[in-house]
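Peer 1: Supplied in structure tokens, the structure appears directly below.
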Amino acid sequence: MDFTDDTLTTVLLVSDFVLFRQALAIAIAQEESCILISEAADMDDALRLIGTRKPDIVLLHLSGSAPQGMQRLKRILEADPDIAVIVLFDGIDDSLTRAALLGGAAGCLDCSVDVSHLIQGLHAAANGELALSKGIARLMAVMLGRANGSGDGRGVLGSPTPRELRVLELVSLGMTNRAIAKRLLLSESTVRAHVRAVSQKLGSQNRVQAVARAMSLGMIGSHVESDDHLALVD
């Protein structure tokens, strides 16, 4: 689904922490382009609201153990595989970020972002783009650089072109379709076409899975020029 400036994005906020949840809900509610449909303090409430209210985005605040957090992400995506889940971390952690993205998250943000950048991330995820805060995007670059091609290549249906891989690499660093188009002097529709093509060739259902797949196969690495805008969040 492509969101325009006139389209409202519905958001479900899930967090165990009452004060944090209420403060963030107030901030999101002040944005005209978003409707915070509800808040959930636990997974039972979250799953019920996902089933009845059908939000565009679930903003999932995770703190504590990684296994518990990834289990929450898994339960949400099992309830609605098409929903976009942005994971909001208290800090930046490579293992948590990797687990969340490989687990199907539409993006990862840390609590250092301000509200305006959070809203940008919500709209990016609603448009099928990867939402990363700048710190996490830089971490992703390091993770990509460590990829050693240990994947076995099963499920790969074709060989991506250099341009398709370049686009996918910029996707992995949190750049929006618009930013990628500007960087590579392409139209946004061409960027979307490249993402669809490389996802199909890698046997992936969406761009997040395509990034993870290319990472595991060592197809993309962290050689983005220093003047690139690494993420949609400053």
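Just remember, in the structure tokens the first chain shown is A, the second B, etc., residues are 1-based per chain, and ligands are 1-based in the order shown.
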Can you list, as number ranges by chain, all residues belonging to range 149-214 of chain A that DSSP tags as alpha helix (DSSP H)?

Peer 2: A: 162-172, 177-184, 188-201, 207-214

Peer 1: What lies within 7 Å of Gly121 in chain A using only C-alpha atoms, ignoring chain neighbours under 4 positions off, as number ranges by chain?

Peer 2: A: 117, 125, 131

Peer 1: Hey, can you spit out that residue selection with C-alpha atoms as a PDB file, in the first residue's frame?

Peer 2:
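Result file follows (out_29.pdb):
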```
ATOM      1  CA  HIS A 117      11.656  10.878  12.897  1.00  0.00           C
ATOM      2  CA  ALA A 125       7.030   0.981   7.118  1.00  0.00           C
ATOM      3  CA  ALA A 131      12.601   1.936   8.848  1.00  0.00           C
TER       4      ALA A 131
END
```

Peer 1: Taking 3 positions as the minimum chain separation for residues in the same chain, which residues sit within 9 Å of Glu39 in chain A when counting only C-alpha atoms? Answer as a ChimeraX atom specification.

Peer 2: /A:11-15,21-22,25,36,45-46,49

Peer 1: Name the residues of range 6-143 of chain A that fall into strand (DSSP E) according to DSSP on the backbone, using the chain letters and numbers of this document, as an NGL selection string.

Peer 2: :A and (9-14 or 34-40 or 57-62 or 84-89 or 107-110 or 131-132)

Peer 1: Neighbouring residues of Thr10 in chain A were defined as those with any atom within 7 Å, considering only C-alpha atoms; residues of the same chain fewer than 3 positions away were excluded. Please report them as a PyMOL selection string.

Peer 2: chain A and resi 34-37+55-57

Peer 1: Against range 81-84 of chain A, which residues of range 151-220 of chain A fall within 12 Å? For each one I want the closest pair of atoms and the distance in Å (one decimal), counting only C-alpha atoms, rows by chain and increasing residue number, as a Markdown table.

Peer 2:
```
| residue | atom | partner | partner_atom | distance |
| --- | --- | --- | --- | --- |
| A:Gln205 | CA | A:Asp82 | CA | 10.3 |
| A:Asn206 | CA | A:Asp82 | CA | 10.1 |
| A:Arg207 | CA | A:Ala84 | CA | 11.9 |
| A:Val208 | CA | A:Ala84 | CA | 10.7 |
```

Peer 1: Would you mind listing what lies within 12 Å of Ala106 in chain A as an NGL selection string, with only C-alpha atoms counted and same-chain residues fewer than 5 positions away left out?

Peer 2: :A and (56-60 or 73 or 77 or 81-88 or 97 or 100-101 or 121-132 or 171-172 or 174 or 206-212)

Peer 1: Nearest residue to Gly51 in chain A out of A:Asp110, A:Ile76, A:Phe89, A:Val167, using only C-alpha atoms?

Peer 2: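 Ranked by minimum distance to Gly51 in chain A, first place goes to A:Ile76.
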
Peer 1: Taking into account only C-alpha atoms, which residue in the set A:Leu118, A:Met70, A:Leu96, A:Ala79 is nearest to Asp44 in chain A?

Peer 2: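 With only C-alpha atoms as the atom set, the closest residue is A:Ala79.
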
Peer 1: Enter the distance from CA of Gln200 in chain A to CA of Glu169 in chain A, in Å, rounded to one decimal.

Peer 2: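 For CA of Gln200 in chain A relative to CA of Glu169 in chain A, the distance reads 15.8 Å.
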
Peer 1: Excluding range 186-193 of chain A and residues on its chain fewer than 4 positions from it, collect all residues at most 6 Å away from it, counting only C-alpha atoms, and give them as a list of chain:residue names.

Peer 2: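 My list of contacting residues is A:Asn177, A:Arg178, A:Ala181.
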